[in-house]
$ cat run-v6.txt   # compact mmCIF, C-alpha atoms and all ligand atoms
# COMPACT_ATOMS: atom_id res chain seq x y z
CA THR A 1042 -22.65 31.98 -9.76
CA ASP A 1043 -25.19 29.72 -11.34
CA ILE A 1044 -23.80 26.51 -9.88
CA GLU A 1045 -26.27 25.20 -7.32
CA LEU A 1046 -25.23 24.89 -3.70
CA GLY A 1047 -28.03 22.43 -3.01
CA ASP A 1048 -28.24 21.53 0.66
CA PHE A 1049 -24.74 22.74 1.39
CA GLU A 1050 -23.86 25.92 3.19
CA HIS A 1051 -20.67 26.47 1.22
CA TYR A 1052 -19.15 25.43 -2.09
CA MET A 1053 -16.15 24.03 -0.29
CA LEU A 1054 -18.29 21.56 1.67
CA LYS A 1055 -20.29 20.69 -1.42
CA GLU A 1056 -17.09 20.02 -3.35
CA ILE A 1057 -15.66 17.89 -0.54
CA PHE A 1058 -18.80 15.75 -0.65
CA GLU A 1059 -18.67 15.46 -4.43
CA GLN A 1060 -15.45 13.47 -4.27
CA PRO A 1061 -16.87 9.96 -4.62
CA GLN A 1062 -18.32 11.17 -7.92
CA THR A 1063 -15.42 13.29 -9.11
CA ILE A 1064 -12.92 10.51 -8.49
CA GLU A 1065 -15.11 8.22 -10.53
CA ASN A 1066 -15.25 10.84 -13.30
CA ALA A 1067 -11.45 11.03 -13.37
CA MET A 1068 -11.29 7.28 -14.07
CA ARG A 1069 -14.21 6.84 -16.42
CA GLY A 1070 -13.32 5.32 -19.78
CA ARG A 1071 -9.67 5.00 -18.84
CA PHE A 1072 -9.39 1.30 -18.06
CA ASP A 1073 -8.38 -0.97 -20.90
CA GLU A 1074 -10.73 -3.84 -21.73
CA ASP A 1075 -8.87 -6.36 -19.66
CA GLU A 1076 -8.75 -3.97 -16.69
CA ALA A 1077 -5.05 -4.50 -16.19
CA THR A 1078 -3.85 -1.09 -17.31
CA ALA A 1079 -5.05 2.42 -17.99
CA LYS A 1080 -5.48 4.08 -21.36
CA PHE A 1081 -5.31 7.72 -22.31
CA GLY A 1082 -6.62 9.06 -25.58
CA GLY A 1083 -5.16 12.52 -25.32
CA LEU A 1084 -1.45 12.19 -24.67
CA ASN A 1085 -0.69 12.40 -28.40
CA LEU A 1086 2.48 10.34 -28.06
CA THR A 1087 3.19 7.03 -29.76
CA PRO A 1088 3.95 3.97 -27.61
CA GLN A 1089 7.50 4.23 -28.98
CA GLN A 1090 7.82 7.81 -27.79
CA LEU A 1091 6.33 6.92 -24.41
CA ARG A 1092 8.73 4.01 -24.02
CA ARG A 1093 11.67 6.34 -24.59
CA VAL A 1094 10.78 8.69 -21.73
CA ASP A 1095 13.57 8.62 -19.16
CA ARG A 1096 12.60 11.54 -16.97
CA ILE A 1097 9.37 13.26 -15.98
CA VAL A 1098 9.02 16.81 -14.73
CA LEU A 1099 5.80 17.73 -12.97
CA THR A 1100 5.24 21.43 -12.56
CA ALA A 1101 2.46 23.24 -10.71
CA CYS A 1102 1.55 25.69 -7.94
CA GLY A 1103 -0.24 25.38 -4.61
CA THR A 1104 -2.42 22.35 -4.10
CA SER A 1105 -1.66 21.09 -7.60
CA TRP A 1106 2.02 21.03 -6.64
CA HIS A 1107 1.14 18.80 -3.70
CA ALA A 1108 -0.66 16.42 -6.05
CA GLY A 1109 2.55 16.45 -8.09
CA LEU A 1110 4.51 15.25 -5.05
CA VAL A 1111 2.18 12.28 -4.69
CA GLY A 1112 2.70 11.73 -8.42
CA GLU A 1113 6.46 11.62 -7.94
CA TYR A 1114 6.19 8.78 -5.44
CA LEU A 1115 3.69 6.92 -7.64
CA LEU A 1116 5.55 7.28 -10.93
CA GLU A 1117 8.90 6.32 -9.47
CA GLU A 1118 7.42 3.32 -7.72
CA PHE A 1119 5.23 1.98 -10.54
CA ALA A 1120 7.02 3.14 -13.69
CA ARG A 1121 10.57 3.49 -12.27
CA ILE A 1122 11.06 6.74 -14.17
CA PRO A 1123 12.92 9.50 -12.30
CA VAL A 1124 10.56 12.35 -11.48
CA GLU A 1125 11.13 15.95 -10.47
CA VAL A 1126 8.38 18.12 -9.04
CA GLU A 1127 9.03 21.79 -9.65
CA TYR A 1128 7.21 24.89 -8.50
CA ALA A 1129 6.23 26.49 -11.79
CA SER A 1130 7.38 29.88 -10.52
CA GLU A 1131 10.87 28.43 -10.09
CA LEU A 1132 10.96 26.27 -13.19
CA ARG A 1133 10.15 29.19 -15.47
CA TYR A 1134 13.37 30.95 -14.50
CA ARG A 1135 15.59 27.95 -13.93
CA ASN A 1136 17.53 26.18 -16.59
CA PRO A 1137 17.37 22.52 -15.69
CA PRO A 1138 18.84 19.93 -18.06
CA LEU A 1139 15.98 18.63 -20.18
CA THR A 1140 16.30 16.30 -23.14
CA ASP A 1141 13.97 15.05 -25.84
CA ARG A 1142 13.31 12.07 -23.57
CA THR A 1143 11.96 14.30 -20.79
CA MET A 1144 8.20 14.43 -20.44
CA VAL A 1145 6.73 17.54 -18.85
CA PHE A 1146 3.33 17.73 -17.19
CA ALA A 1147 1.74 20.94 -16.00
CA ILE A 1148 -0.76 20.11 -13.27
CA THR A 1149 -3.45 22.73 -12.86
CA GLN A 1150 -7.08 22.89 -11.86
CA SER A 1151 -7.90 26.14 -13.63
CA GLY A 1152 -5.48 25.91 -16.53
CA GLU A 1153 -4.91 29.65 -16.08
CA THR A 1154 -2.22 29.98 -13.42
CA ALA A 1155 0.29 32.44 -14.87
CA ASP A 1156 3.42 30.77 -13.51
CA THR A 1157 2.33 27.32 -14.64
CA LEU A 1158 1.54 28.61 -18.10
CA ALA A 1159 4.89 30.37 -18.32
CA ALA A 1160 6.79 27.28 -17.13
CA MET A 1161 4.99 25.23 -19.74
CA ARG A 1162 5.81 27.72 -22.50
CA GLU A 1163 9.47 27.71 -21.46
CA CYS A 1164 9.57 23.91 -21.79
CA LYS A 1165 7.76 24.05 -25.12
CA ARG A 1166 10.23 26.58 -26.40
CA LYS A 1167 12.94 24.04 -25.69
CA GLY A 1168 11.13 21.58 -27.91
CA LEU A 1169 9.83 19.27 -25.21
CA SER A 1170 6.57 17.47 -25.38
CA THR A 1171 4.51 19.32 -22.82
CA LEU A 1172 1.32 17.86 -21.44
CA ALA A 1173 -1.32 19.03 -19.00
CA ILE A 1174 -3.33 17.47 -16.21
CA CYS A 1175 -6.11 19.98 -16.10
CA ASN A 1176 -9.69 20.41 -14.99
CA VAL A 1177 -11.00 23.34 -16.99
CA VAL A 1178 -11.68 22.34 -20.58
CA GLY A 1179 -10.46 24.86 -23.13
CA SER A 1180 -8.37 26.81 -20.60
CA SER A 1181 -5.13 28.45 -21.72
CA ILE A 1182 -2.92 25.61 -20.47
CA ALA A 1183 -5.21 22.95 -21.89
CA ARG A 1184 -5.13 24.68 -25.27
CA GLU A 1185 -1.39 25.23 -25.40
CA ALA A 1186 -0.40 21.78 -24.20
CA ASP A 1187 0.58 19.12 -26.74
CA GLY A 1188 -1.86 16.78 -25.06
CA GLY A 1189 -3.01 15.73 -21.67
CA ILE A 1190 -5.56 14.44 -19.26
CA TYR A 1191 -8.77 16.19 -18.29
CA LEU A 1192 -10.05 15.62 -14.78
CA HIS A 1193 -13.79 16.08 -15.43
CA ALA A 1194 -14.29 17.19 -11.81
CA GLY A 1195 -16.77 19.91 -12.76
CA PRO A 1196 -16.39 23.54 -11.71
CA GLU A 1197 -14.52 24.10 -8.47
CA ILE A 1198 -15.79 27.30 -6.86
CA GLY A 1199 -14.31 27.22 -3.36
CA VAL A 1200 -10.97 29.04 -3.46
CA ALA A 1201 -9.33 26.30 -1.41
CA SER A 1202 -8.95 23.37 -3.77
CA THR A 1203 -10.41 20.05 -2.60
CA LYS A 1204 -11.97 17.84 -5.26
CA ALA A 1205 -9.41 18.91 -7.87
CA PHE A 1206 -6.64 17.53 -5.64
CA THR A 1207 -8.12 14.05 -5.34
CA SER A 1208 -8.88 14.03 -9.07
CA GLN A 1209 -5.31 14.99 -9.87
CA VAL A 1210 -4.04 12.21 -7.62
CA THR A 1211 -6.40 9.75 -9.30
CA ALA A 1212 -5.14 10.79 -12.73
CA LEU A 1213 -1.56 10.38 -11.54
CA VAL A 1214 -2.27 6.90 -10.15
CA MET A 1215 -3.62 5.93 -13.58
CA LEU A 1216 -0.74 7.55 -15.42
CA SER A 1217 1.73 5.64 -13.22
CA LEU A 1218 -0.14 2.45 -13.91
CA PHE A 1219 -0.13 3.15 -17.64
CA LEU A 1220 3.59 3.96 -17.84
CA GLY A 1221 4.36 1.18 -15.36
CA ARG A 1222 2.60 -1.43 -17.48
CA MET A 1223 4.80 -0.40 -20.44
CA ARG A 1224 7.78 -1.19 -18.26
CA HIS A 1225 8.08 -3.12 -15.02
CA LEU A 1226 4.57 -3.62 -13.75
CA SER A 1227 3.04 -7.07 -14.22
CA TYR A 1228 -0.44 -7.91 -15.46
CA GLN A 1229 -1.38 -9.10 -11.99
CA ALA A 1230 -0.14 -5.92 -10.34
CA GLY A 1231 -2.12 -3.86 -12.86
CA LYS A 1232 -5.26 -5.86 -12.10
CA ARG A 1233 -4.80 -5.35 -8.39
CA ILE A 1234 -4.36 -1.59 -8.70
CA ILE A 1235 -7.42 -1.25 -10.90
CA ARG A 1236 -9.47 -3.32 -8.51
CA SER A 1237 -8.73 -0.93 -5.65
CA LEU A 1238 -9.22 2.10 -7.89
CA LYS A 1239 -12.64 0.89 -8.91
CA ALA A 1240 -13.63 0.53 -5.28
CA MET A 1241 -12.42 4.05 -4.54
CA PRO A 1242 -15.69 6.00 -5.01
CA GLU A 1243 -17.33 3.76 -2.42
CA THR A 1244 -14.29 3.98 -0.15
CA ILE A 1245 -14.42 7.77 -0.33
CA ALA A 1246 -18.12 7.79 0.48
CA LYS A 1247 -17.27 5.73 3.55
CA THR A 1248 -14.42 8.08 4.43
CA LEU A 1249 -16.84 11.01 4.43
CA GLU A 1250 -18.66 9.38 7.33
CA CYS A 1251 -15.95 10.88 9.54
CA HIS A 1252 -17.62 14.26 9.10
CA ASP A 1253 -19.29 14.43 12.54
CA GLN A 1254 -16.16 13.23 14.23
CA VAL A 1255 -14.08 15.90 12.50
CA GLN A 1256 -16.57 18.57 13.45
CA GLU A 1257 -16.24 17.57 17.09
CA VAL A 1258 -12.47 17.67 16.93
CA ALA A 1259 -12.63 21.12 15.32
CA SER A 1260 -14.80 22.36 18.20
CA ARG A 1261 -12.01 21.49 20.65
CA TYR A 1262 -9.06 22.99 18.75
CA TRP A 1263 -10.35 25.87 16.67
CA ASN A 1264 -8.97 28.63 18.87
CA LEU A 1265 -5.31 27.61 18.75
CA GLU A 1266 -2.78 29.47 16.62
CA ASN A 1267 -0.22 26.88 15.50
CA PHE A 1268 -0.63 23.41 14.04
CA LEU A 1269 1.81 20.84 12.75
CA TYR A 1270 0.83 18.27 10.13
CA LEU A 1271 3.00 15.19 10.01
CA GLY A 1272 3.06 12.18 7.72
CA ARG A 1273 5.55 10.02 5.86
CA LEU A 1274 5.90 8.62 2.34
CA TYR A 1275 2.58 8.92 0.51
CA ASN A 1276 1.19 10.86 3.43
CA PHE A 1277 3.92 13.46 3.50
CA PRO A 1278 2.35 15.45 0.63
CA VAL A 1279 -0.97 14.99 2.42
CA ALA A 1280 0.54 16.65 5.49
CA LEU A 1281 1.61 19.61 3.33
CA GLU A 1282 -1.84 19.81 1.78
CA GLY A 1283 -3.61 19.57 5.16
CA ALA A 1284 -1.51 22.41 6.52
CA LEU A 1285 -2.14 24.50 3.41
CA LYS A 1286 -5.92 24.03 3.72
CA LEU A 1287 -5.86 25.24 7.33
CA LYS A 1288 -3.71 28.27 6.48
CA GLU A 1289 -5.78 29.23 3.47
CA ILE A 1290 -9.19 29.37 5.07
CA SER A 1291 -8.73 29.69 8.85
CA TYR A 1292 -5.60 31.90 8.87
CA ILE A 1293 -3.96 29.63 11.44
CA HIS A 1294 -0.26 29.09 11.09
CA ALA A 1295 0.31 25.49 10.09
CA GLU A 1296 3.32 23.59 8.85
CA GLY A 1297 3.43 20.27 7.08
CA TYR A 1298 6.50 18.13 7.55
CA PRO A 1299 7.71 14.62 6.96
CA ALA A 1300 7.10 13.21 10.45
CA ALA A 1301 10.70 12.19 11.07
CA GLU A 1302 12.15 15.49 9.88
CA MET A 1303 10.29 17.14 12.75
CA LYS A 1304 13.20 16.50 15.08
CA HIS A 1305 15.34 18.86 13.01
CA GLY A 1306 13.35 21.93 13.93
CA PRO A 1307 9.58 21.87 14.33
CA ILE A 1308 9.81 19.74 17.47
CA ALA A 1309 10.96 22.92 19.20
CA LEU A 1310 7.43 24.28 18.67
CA ILE A 1311 5.72 21.41 20.45
CA GLU A 1312 3.90 22.42 23.63
CA GLU A 1313 0.42 22.12 25.08
CA ARG A 1314 -1.06 24.65 22.70
CA THR A 1315 0.50 23.30 19.50
CA PRO A 1316 -1.40 20.28 18.23
CA SER A 1317 0.14 17.85 15.77
CA VAL A 1318 -2.06 16.25 13.18
CA PHE A 1319 -0.55 12.86 12.44
CA ILE A 1320 -1.52 11.00 9.29
CA VAL A 1321 -0.92 7.48 10.39
CA PRO A 1322 -2.90 4.82 8.52
CA ARG A 1323 -1.67 1.24 8.73
CA GLY A 1324 0.84 0.02 6.18
CA GLY A 1325 4.00 1.59 4.86
CA ILE A 1326 6.28 2.54 7.67
CA TYR A 1327 3.50 2.82 10.18
CA PRO A 1328 5.64 1.73 13.18
CA LYS A 1329 8.06 4.55 12.41
CA VAL A 1330 5.25 7.09 12.45
CA ILE A 1331 4.09 5.66 15.77
CA SER A 1332 7.50 6.36 17.26
CA ASN A 1333 7.31 9.93 15.92
CA MET A 1334 3.98 10.23 17.75
CA GLU A 1335 5.65 9.05 20.93
CA GLU A 1336 8.23 11.83 20.59
CA VAL A 1337 5.45 14.43 20.39
CA ARG A 1338 3.53 12.91 23.25
CA ALA A 1339 6.61 12.93 25.47
CA ARG A 1340 6.71 16.71 24.97
CA LYS A 1341 3.05 17.16 25.89
CA GLY A 1342 1.93 18.09 22.41
CA PRO A 1343 -1.73 17.29 21.71
CA ILE A 1344 -2.17 14.72 18.95
CA ILE A 1345 -4.97 14.49 16.41
CA ALA A 1346 -4.52 11.26 14.47
CA ILE A 1347 -5.93 10.26 11.10
CA ALA A 1348 -5.82 6.48 11.40
CA CYS A 1349 -7.49 3.26 10.38
CA GLU A 1350 -10.39 1.85 12.36
CA ASP A 1351 -9.66 -0.13 15.53
CA ASP A 1352 -6.12 1.03 15.85
CA GLU A 1353 -5.45 0.58 19.55
CA LYS A 1354 -1.87 1.73 19.40
CA VAL A 1355 -2.90 5.06 17.90
CA ALA A 1356 -5.82 5.38 20.33
CA GLU A 1357 -3.39 5.02 23.20
CA LEU A 1358 -1.09 7.79 21.97
CA ALA A 1359 -3.49 10.29 20.42
CA ASP A 1360 -5.90 12.70 22.06
CA GLU A 1361 -8.23 12.47 19.08
CA VAL A 1362 -8.58 9.75 16.47
CA ILE A 1363 -10.35 10.32 13.18
CA CYS A 1364 -10.95 7.00 11.43
CA VAL A 1365 -10.56 6.34 7.72
CA PRO A 1366 -10.93 3.09 5.75
CA GLU A 1367 -7.83 1.00 5.18
CA VAL A 1368 -6.53 1.12 1.60
CA GLU A 1369 -3.31 0.22 -0.19
CA GLU A 1370 -0.45 2.54 0.61
CA HIS A 1371 -0.27 4.27 -2.77
CA LEU A 1372 -3.96 5.16 -2.62
CA GLN A 1373 -3.89 6.52 0.92
CA PRO A 1374 -3.66 10.20 -0.10
CA LEU A 1375 -7.11 9.96 -1.67
CA VAL A 1376 -8.55 8.86 1.65
CA THR A 1377 -6.42 10.65 4.23
CA SER A 1378 -6.71 14.09 2.61
CA ILE A 1379 -10.48 14.11 3.15
CA PRO A 1380 -10.66 14.50 6.95
CA LEU A 1381 -8.03 17.25 6.64
CA GLN A 1382 -10.22 19.16 4.17
CA LEU A 1383 -13.12 18.82 6.59
CA LEU A 1384 -11.00 19.84 9.57
CA ALA A 1385 -9.88 23.05 7.85
CA TYR A 1386 -13.47 23.75 6.85
CA HIS A 1387 -14.90 23.40 10.36
CA VAL A 1388 -12.09 25.25 12.09
CA ALA A 1389 -12.53 28.14 9.64
CA LEU A 1390 -16.29 28.17 10.21
CA LEU A 1391 -15.85 28.30 13.98
CA ARG A 1392 -13.43 31.19 13.58
CA GLY A 1393 -15.99 33.07 11.54
CA CYS A 1394 -13.94 33.04 8.35
CA ASN A 1395 -15.31 33.25 4.85
CA VAL A 1396 -14.52 29.69 3.77
CA ASP A 1397 -15.31 30.04 0.09
CA ARG A 1398 -13.59 33.40 -0.33
CA PRO A 1399 -10.61 33.65 2.01
CA ARG A 1400 -8.82 36.98 2.29
CA ASN A 1401 -5.87 37.73 0.00
CA LEU A 1402 -6.34 34.60 -2.10
CA ALA A 1403 -7.66 34.08 -5.60
CA LYS A 1404 -9.09 30.99 -7.21
CA SER A 1405 -6.64 31.28 -10.01
CA VAL A 1406 -3.63 33.51 -9.96
CA THR A 1407 -3.41 34.85 -13.50
CA VAL A 1408 -0.70 37.41 -12.79
CA GLU A 1409 2.91 36.68 -12.00
C1 LIG B 1 -4.38 29.37 -6.28
C2 LIG B 1 -5.55 28.66 -5.61
C3 LIG B 1 -5.09 27.27 -5.12
C4 LIG B 1 -4.48 26.50 -6.28
C5 LIG B 1 -3.36 27.25 -6.97
C6 LIG B 1 -2.96 26.59 -8.27
O1 LIG B 1 -3.43 29.69 -5.31
O2 LIG B 1 -6.03 29.41 -4.53
O3 LIG B 1 -6.21 26.56 -4.60
O4 LIG B 1 -4.00 25.26 -5.81
O5 LIG B 1 -3.79 28.57 -7.30
O6 LIG B 1 -4.05 26.66 -9.14
P1 LIG B 1 -4.26 25.75 -10.40
O7 LIG B 1 -5.56 26.21 -10.98
O8 LIG B 1 -3.10 25.99 -11.31
O9 LIG B 1 -4.31 24.35 -9.93
$ encode --input "run-v6.txt" --output "structure tokens"
Amino acid sequence: TDIELGDFEHYMLKEIFEQPQTIENAMRGRFDEDEATAKFGGLNLTPQQLRRVDRIVLTACGTSWHAGLVGEYLLEEFARIPVEVEYASELRYRNPPLTDRTMVFAITQSGETADTLAAMRECKRKGLSTLAICNVVGSSIAREADGGIYLHAGPEIGVASTKAFTSQVTALVMLSLFLGRMRHLSYQAGKRIIRSLKAMPETIAKTLECHDQVQEVASRYWNLENFLYLGRLYNFPVALEGALKLKEISYIHAEGYPAAEMKHGPIALIEERTPSVFIVPRGGIYPKVISNMEEVRARKGPIIAIACEDDEKVAELADEVICVPEVEEHLQPLVTSIPLQLLAYHVALLRGCNVDRPRNLAKSVTVE
């Protein structure tokens, strides 16, 4: 390809390190003058139509589906609109009740995923207003959608999606803010969210400083065959995404789970050769995640923790601690997903895998 690798050995690593910039690109021009809400030029819906929305369906595949899960938590919390996140491959053949007050978003990096396109067409056929959160300008989904949000993340070459995920999450934070400000969210709350969003590019740059630490952790665990990824609330989708990254490029079996659900099955897998990656930043229901860590520790499972700096409780329980900056709960996925991208990258490298072109996978799956 003609996209420059620069100093990076792989596109995946380059794209991981682009994230301070790509997150900024996803926000650019989308704050209103007062910086208390977001604005979107391309939704093509009147304020009256937007105010009538009483249900949102987010549909996607793979990593984009994980971004959708974060979106569900965000939209329900900020805008108080019920949200469903559907695998596009399921939605296209299901017949869920949809009304003219349902808003459908297809979330897709490439805009070419066959199932996502088909799900979108099915919703359009039913007369719904169907929007896209998409990276590739002029792609099939972008063209067929009634409107939407472009991510402006630039080309993503690595098959395992990284920067597109954090851009999708950023767009969903802003969409939640926008719809929330038309409903329950106060001026002050809007201001506060925008303040932390604006600091995000710098926060992500700081997060990337964990690179060496992650590389070291990878060197101690790369030859194991099973990993669990555990997190709760906003970090549950991050656990799914972390596990997917590892599977995709290192061919290690990994499962993401809500940390507390572990006791209903995955805990049976815990032993000395099955590490658990806990996503446990402060805030939210942090103490509950700590007690989940204790359950793993009691069964001699190694623990790799993604945690905030100077967390002594986590340091006591975990074998490895990877530090990330402390941010508000709803923005944590942007930060906590980054060490997991890097972990998958380094483990795959150590196993001699082709990180940018993993076996059996395609960048965009344009067949059913
Ligand atoms: C493929 C890619 C994934 C991606 C998924 C959805 O499986 O390998 O990285 O998340 O498709 O792609 P989309 O372009 O629709 O986001």
$ residues_near_ligand --input "run-v6.txt" --ligand "ligand LIG 1 (chain B)" --cutoff "7 Å" --atoms "only C-alpha atoms and all ligand atoms" --output "list in words"
Ala1101, Cys1102, Gly1103, Thr1104, Ser1105, Ile1148, Thr1149, Gln1150, Ser1151, Gly1152, Glu1153, Thr1154, Thr1157, Val1200, Ala1201, Ser1202, Leu1402, Ala1403, Lys1404, Ser1405 and Val1406 of chain A
$ atom_distance --input "run-v6.txt" --atom1 "CA of Ala1240 (chain A)" --atom2 "CA of Asp1073 (chain A)"
16.5 Å
$ residues_near_point --input "run-v6.txt" --point "(-16.8, 12.0, -9.7)" --cutoff "12 Å" --atoms "only C-alpha atoms" --output "ChimeraX atom specification"
/A:1056-1069,1192-1196,1204-1205,1207-1209,1211,1239,1241-1243,1245-1246
$ write_last_selection --input "run-v6.txt" --atoms "C-alpha atoms" --output "CSV table (one decimal), in the frame of the given file"
chain,number,residue,atom,x,y,z
A,1056,GLU,CA,-17.1,20.0,-3.4
A,1057,ILE,CA,-15.7,17.9,-0.5
A,1058,PHE,CA,-18.8,15.8,-0.6
A,1059,GLU,CA,-18.7,15.5,-4.4
A,1060,GLN,CA,-15.4,13.5,-4.3
A,1061,PRO,CA,-16.9,10.0,-4.6
A,1062,GLN,CA,-18.3,11.2,-7.9
A,1063,THR,CA,-15.4,13.3,-9.1
A,1064,ILE,CA,-12.9,10.5,-8.5
A,1065,GLU,CA,-15.1,8.2,-10.5
A,1066,ASN,CA,-15.2,10.8,-13.3
A,1067,ALA,CA,-11.4,11.0,-13.4
A,1068,MET,CA,-11.3,7.3,-14.1
A,1069,ARG,CA,-14.2,6.8,-16.4
A,1192,LEU,CA,-10.0,15.6,-14.8
A,1193,HIS,CA,-13.8,16.1,-15.4
A,1194,ALA,CA,-14.3,17.2,-11.8
A,1195,GLY,CA,-16.8,19.9,-12.8
A,1196,PRO,CA,-16.4,23.5,-11.7
A,1204,LYS,CA,-12.0,17.8,-5.3
A,1205,ALA,CA,-9.4,18.9,-7.9
A,1207,THR,CA,-8.1,14.0,-5.3
A,1208,SER,CA,-8.9,14.0,-9.1
A,1209,GLN,CA,-5.3,15.0,-9.9
A,1211,THR,CA,-6.4,9.8,-9.3
A,1239,LYS,CA,-12.6,0.9,-8.9
A,1241,MET,CA,-12.4,4.0,-4.5
A,1242,PRO,CA,-15.7,6.0,-5.0
A,1243,GLU,CA,-17.3,3.8,-2.4
A,1245,ILE,CA,-14.4,7.8,-0.3
A,1246,ALA,CA,-18.1,7.8,0.5
$ closest_residue --input "run-v6.txt" --among "A:Gln1090, A:Glu1353, A:Ile1293, A:Gly1272" --to "Val1330 (chain A)" --atoms "all atoms listed in the file"
A:Gly1272
$ axis_aligned_box --input "run-v6.txt" --around "region 1140-1148 of chain A" --padding-each-side "5 Å" --output "lines of an AutoDock Vina configuration file"
center_x = 7.8
center_y = 16.5
center_z = -19.6
size_x = 27.1
size_y = 18.9
size_z = 22.6
$ closest_residue --input "run-v6.txt" --among "A:Pro1123, A:Thr1407, A:Thr1248, A:Arg1314" --to "Glu1367 (chain A)" --atoms "all atoms listed in the file"
A:Thr1248
$ closest_residue --input "run-v6.txt" --among "A:Leu1274, A:Leu1110, A:Ala1259, A:Ala1348" --to "Val1214 (chain A)" --atoms "only C-alpha atoms"
A:Leu1110
$ residues_around --input "run-v6.txt" --residues "Ala1301 (chain A)" --least-positions-apart "2" --cutoff "8 Å" --atoms "only C-alpha atoms" --output "list in words"
Arg1273, Pro1299, Met1303, Lys1304, Val1330 and Asn1333 of chain A
$ closest_residue --input "run-v6.txt" --among "A:Ala1186, A:Leu1271, A:Val1258, A:Cys1349" --to "Asn1085 (chain A)" --atoms "all atoms listed in the file"
A:Ala1186
$ residues_around --input "run-v6.txt" --residues "Val1321 (chain A)" --least-positions-apart "4" --cutoff "10 Å" --atoms "only C-alpha atoms" --output "number ranges by chain"
A: 1271-1273, 1276, 1300, 1325-1331, 1334, 1346-1349, 1352, 1355, 1373, 1377
$ atom_distance --input "run-v6.txt" --atom1 "CA of Ser1170 (chain A)" --atom2 "CA of Val1408 (chain A)"
24.7 Å
$ atom_distance --input "run-v6.txt" --atom1 "CA of Ala1120 (chain A)" --atom2 "CA of Leu1220 (chain A)"
5.4 Å
$ closest_residue --input "run-v6.txt" --among "A:Val1255, A:Ala1389, A:Met1161, A:Val1376" --to "Ser1291 (chain A)" --atoms "only C-alpha atoms"
A:Ala1389
$ closest_residue --input "run-v6.txt" --among "A:Tyr1128, A:Phe1268, A:Tyr1228, A:Tyr1191" --to "Phe1081 (chain A)" --atoms "only C-alpha atoms"
A:Tyr1191
$ residues_around --input "run-v6.txt" --residues "Glu1074 (chain A)" --least-positions-apart "5" --cutoff "12 Å" --atoms "only C-alpha atoms" --output "PDB file with C-alpha atoms, keeping the file's coordinate frame"
ATOM      1  CA  ALA A1079      -5.050   2.420 -17.990  1.00  0.00           C
ATOM      2  CA  LYS A1080      -5.480   4.080 -21.360  1.00  0.00           C
ATOM      3  CA  LYS A1232      -5.260  -5.860 -12.100  1.00  0.00           C
ATOM      4  CA  ILE A1235      -7.420  -1.250 -10.900  1.00  0.00           C
TER       5      ILE A1235
END
$ residues_around --input "run-v6.txt" --residues "Leu1158 (chain A)" --least-positions-apart "2" --cutoff "9 Å" --atoms "all atoms listed in the file" --output "PyMOL selection string"
chain A and resi 1129+1147+1152-1156+1160-1163+1181-1182+1185
$ residues_around --input "run-v6.txt" --residues "Leu1091 (chain A)" --least-positions-apart "2" --cutoff "10 Å" --atoms "only C-alpha atoms" --output "list in words"
Leu1084, Asn1085, Leu1086, Thr1087, Pro1088, Gln1089, Arg1093, Val1094, Asp1095, Arg1142, Thr1143, Met1144, Leu1220 and Met1223 of chain A
